[in-house]
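For reference, the structure is listed below as structure tokens.
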Amino acid sequence: MKTHKPFNWKLHNKAPIVGIVRNLPLETIIGIANAYVTAGLSTIEITMNTVGATEIITEIQSKFPNLNVGAGTVCSIEDYNNAISAGAQFIVTPIINEEVIKKAVADGIPIFPGAYSPSEIYKAWSLGASEVKIFPATQLGPTFVKDILAPLNKIKVLPTGGVTKENIASFFAAGATGVGMGSSLLDKELIKNNDFNGLAEHFKNIKAEIKAYLQLRTTKTKL
């Protein structure tokens with residue numbers, strides 16, 4: 001097992017967008033990671049159902065010390081152990097797997113478990129989730145987040161699925177702590193054309209949509 005680098009919450013909180021990378025080759029992901037750093041983003045997950053996921057996690061983490069590199073689509077304790085052995089700094093799941101959540105909490109690894117209903121969201125948080133990934137948020141939208149956080153206002157949520165440049169600000173306004181983004185963040189045409197400069201600009205434009213929220217949160221933290 002490689003030496004484990006801790007998750008950098010300070011970096012993450014400056015731009016709490018988790019980029020979800022799935023089914024792309026290493027050289028492409030290196031280009032994405034460069035664009036990510038250029039744009040001032042810092043948290044990226046490699047899904048465990050990507051070919052060579054563990055090798056990619058190890059490689060990206062070693063090449064990009066200012067990135068939080070984690071594992072997504074972790075569905076079993078075997079996935080978890082493989083991800084941690086590769087050096088994953090955080091874990092994301094699409095489901096509630098109590099064994100995985102408890103192990104991550106015991107190991108001091110940030111974990112964002114997937115949950116859908118109010119009961120699932122509360123259960124994931126009760127088990128020790130760092131943030132609860134509301135998934136899929138596609139049909140639920142910002143209103144659901146706002147409604148959930150009325151009674152469950154202590155829970156930190158990370159809506160994932162259906163978050164776009166057009167609606168990202170609405171999710172933060174509704175109370176989301178962060179978001180997970182896949183295809184809307186990782187523009188397929190830009191990646192297909194290896195236009196990583198264009199991708200960095202695309203990332204910057206999305207980050208700009210939540211600038212006011214981030215400034216407000218910084219102000220509240222200082223008060």
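Following the order of the structure tokens, first chain is A, next is B, and so on, with residues numbered from 1 inside each chain and ligands from 1 in the order they appear.
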
Stretch 132-142 of chain A surroundings by only C-alpha atoms, 8 Å radius, close-in-sequence under 3 positions cut, as a ChimeraX atom specification: /A:92,94,112-116,121,124-125,129,145-146,155-163,170-171,174,180

Selection to disk with C-alpha atoms, as a PDB file, in the first residue's frame:
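Contents of the output file part.pdb:
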ATOM      1  CA  VAL A  92     -17.819   8.071  -3.295  1.00  0.00           C
ATOM      2  CA  PRO A  94     -23.794   5.350  -5.546  1.00  0.00           C
ATOM      3  CA  PHE A 112     -19.708  10.654   0.227  1.00  0.00           C
ATOM      4  CA  PRO A 113     -22.310   7.845   0.089  1.00  0.00           C
ATOM      5  CA  GLY A 114     -25.148   7.919  -2.412  1.00  0.00           C
ATOM      6  CA  ALA A 115     -28.661   8.306  -0.999  1.00  0.00           C
ATOM      7  CA  TYR A 116     -32.027   9.261  -2.489  1.00  0.00           C
ATOM      8  CA  ILE A 121     -29.982  10.588   3.446  1.00  0.00           C
ATOM      9  CA  ALA A 124     -25.968   7.842   5.522  1.00  0.00           C
ATOM     10  CA  TRP A 125     -25.289  10.911   7.647  1.00  0.00           C
ATOM     11  CA  ALA A 129     -20.797  10.377   5.993  1.00  0.00           C
ATOM     12  CA  VAL A 145     -32.493  19.847  -1.642  1.00  0.00           C
ATOM     13  CA  LYS A 146     -34.163  22.871  -0.049  1.00  0.00           C
ATOM     14  CA  ILE A 155     -26.699  17.412   7.052  1.00  0.00           C
ATOM     15  CA  LYS A 156     -24.152  18.335   4.386  1.00  0.00           C
ATOM     16  CA  VAL A 157     -25.357  17.296   0.939  1.00  0.00           C
ATOM     17  CA  LEU A 158     -23.628  16.855  -2.406  1.00  0.00           C
ATOM     18  CA  PRO A 159     -26.243  16.610  -5.193  1.00  0.00           C
ATOM     19  CA  THR A 160     -24.947  14.572  -8.123  1.00  0.00           C
ATOM     20  CA  GLY A 161     -26.600  13.860 -11.462  1.00  0.00           C
ATOM     21  CA  GLY A 162     -28.262  16.590 -13.473  1.00  0.00           C
ATOM     22  CA  VAL A 163     -26.084  19.439 -12.141  1.00  0.00           C
ATOM     23  CA  SER A 170     -29.557  27.032  -7.685  1.00  0.00           C
ATOM     24  CA  PHE A 171     -28.289  23.909  -5.917  1.00  0.00           C
ATOM     25  CA  ALA A 174     -30.856  25.629  -1.897  1.00  0.00           C
ATOM     26  CA  GLY A 180     -20.822  16.156  -8.160  1.00  0.00           C
TER      27      GLY A 180
END

Selection: 10 Å around A:Trp9, only C-alpha atoms, excl. self and same-chain fewer than 5 positions, as an MDAnalysis selection string: chainID A and resid 14 16 42:43 68 110

Closest atom pairs, residues of stretch 97-178 of chain A within 10 Å of stretch 185-208 of chain A, only C-alpha atoms, as CSV:
residue,atom,partner,partner_atom,distance
A:Val163,CA,A:Leu185,CA,8.8
A:Thr164,CA,A:Leu185,CA,7.4
A:Lys165,CA,A:Ile206,CA,5.3
A:Glu166,CA,A:Ile206,CA,8.6
A:Asn167,CA,A:Ile206,CA,10.0
A:Ile168,CA,A:Ile206,CA,7.9
A:Ala169,CA,A:Ile206,CA,9.3

Can you write just those residues out, C-alpha atoms, as a PDB file, in the first residue's frame?
ATOM      1  CA  VAL A 163     -26.084  19.439 -12.141  1.00  0.00           C
ATOM      2  CA  THR A 164     -25.190  21.820 -14.983  1.00  0.00           C
ATOM      3  CA  LYS A 165     -23.641  25.244 -15.520  1.00  0.00           C
ATOM      4  CA  GLU A 166     -27.188  26.579 -15.826  1.00  0.00           C
ATOM      5  CA  ASN A 167     -28.477  25.235 -12.498  1.00  0.00           C
ATOM      6  CA  ILE A 168     -25.403  24.804 -10.288  1.00  0.00           C
ATOM      7  CA  ALA A 169     -26.002  28.127  -8.508  1.00  0.00           C
TER       8      ALA A 169
END

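Near A:Gly128, within 9 Å and counting only C-alpha atoms, sit Ile101, Lys102, Ala104, Val105, Ile111, Lys123, Ala124, Trp125 and Glu131 of chain A, not including residues fewer than 3 positions from it in the same chain.
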
Those of stretch 117-208 of chain A in DSSP strand (DSSP E or B), formatted as an NGL selection string: :A and (132-134 or 157 or 160 or 179-181)

Shell of 9 Å around stretch 149-154 of chain A, only C-alpha atoms, local chain residues under 6 positions omitted, as number ranges by chain: A: 118, 122, 174-176

Of the listed residues A:His12, A:Ala33, A:Ser126, A:Ile17, that which approaches A:Ile210 most closely, counting only C-alpha atoms: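 Using only C-alpha atoms, the shortest distance to A:Ile210 belongs to A:Ile17.
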
Atom CA of A:Phe90 to atom CA of A:Ala71, distance in Å rounded to a single decimal: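 Computing the Euclidean distance for atom CA of A:Phe90 and atom CA of A:Ala71 yields 6.5 Å.
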
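The space between atom CA of A:Asn8 and atom CA of A:Gly70 spans 11.5 Å.
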
Option closest in space to A:Ala86, from A:Ile44, A:Leu67, A:Val51, A:Ile60 [counting only C-alpha atoms]: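 Result for the nearest residue to A:Ala86: A:Ile60.
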
Residue nearest A:Leu214 - candidates A:Gly108, A:Gly52, A:Gly178, A:Gly19, atoms counted: only C-alpha atoms: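 Selected residue with least distance to A:Leu214: A:Gly178.
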
Within 9 Å of A:Tyr213 using only C-alpha atoms, minus same-chain residues under 5 positions, as a list of chain:residue names: A:Ala169, A:Phe172, A:Ala173, A:Thr218

Could those residues be written to a file, using N, CA and C atoms, as a PDB file, in the first residue's frame?
ATOM      1  N   ALA A 169     -25.803  27.095  -9.530  1.00  0.00           N
ATOM      2  CA  ALA A 169     -26.002  28.127  -8.508  1.00  0.00           C
ATOM      3  C   ALA A 169     -27.273  27.864  -7.703  1.00  0.00           C
ATOM      4  N   PHE A 172     -26.630  25.380  -4.894  1.00  0.00           N
ATOM      5  CA  PHE A 172     -25.942  25.995  -3.754  1.00  0.00           C
ATOM      6  C   PHE A 172     -26.879  26.925  -2.994  1.00  0.00           C
ATOM      7  N   ALA A 173     -27.705  27.649  -3.723  1.00  0.00           N
ATOM      8  CA  ALA A 173     -28.677  28.535  -3.072  1.00  0.00           C
ATOM      9  C   ALA A 173     -29.658  27.735  -2.217  1.00  0.00           C
ATOM     10  N   THR A 218     -17.441  32.058   2.840  1.00  0.00           N
ATOM     11  CA  THR A 218     -16.192  32.501   3.460  1.00  0.00           C
ATOM     12  C   THR A 218     -16.470  33.576   4.500  1.00  0.00           C
TER      13      THR A 218
END

Every residue of stretch 46-212 of chain A that DSSP places in alpha helix (DSSP H), as an MDAnalysis selection string: chainID A and resid 53:63 77:86 98:107 118:126 141:149 168:173 188:192 196:208 211:212

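Among the candidate residues A:Ser184, A:Asn81, A:Thr177, A:Thr50, the one lying nearest to A:Asp107 is A:Asn81, with distances computed using only C-alpha atoms.
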
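Across the structure, atom CA of A:Ser117 and atom CA of A:Met48 are spaced 24.4 Å apart.
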
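When only C-alpha atoms are used to measure the gap to A:Ala15, the shortest distance among A:Ile56, A:Val37, A:Cys75, A:Val69 belongs to A:Val37.
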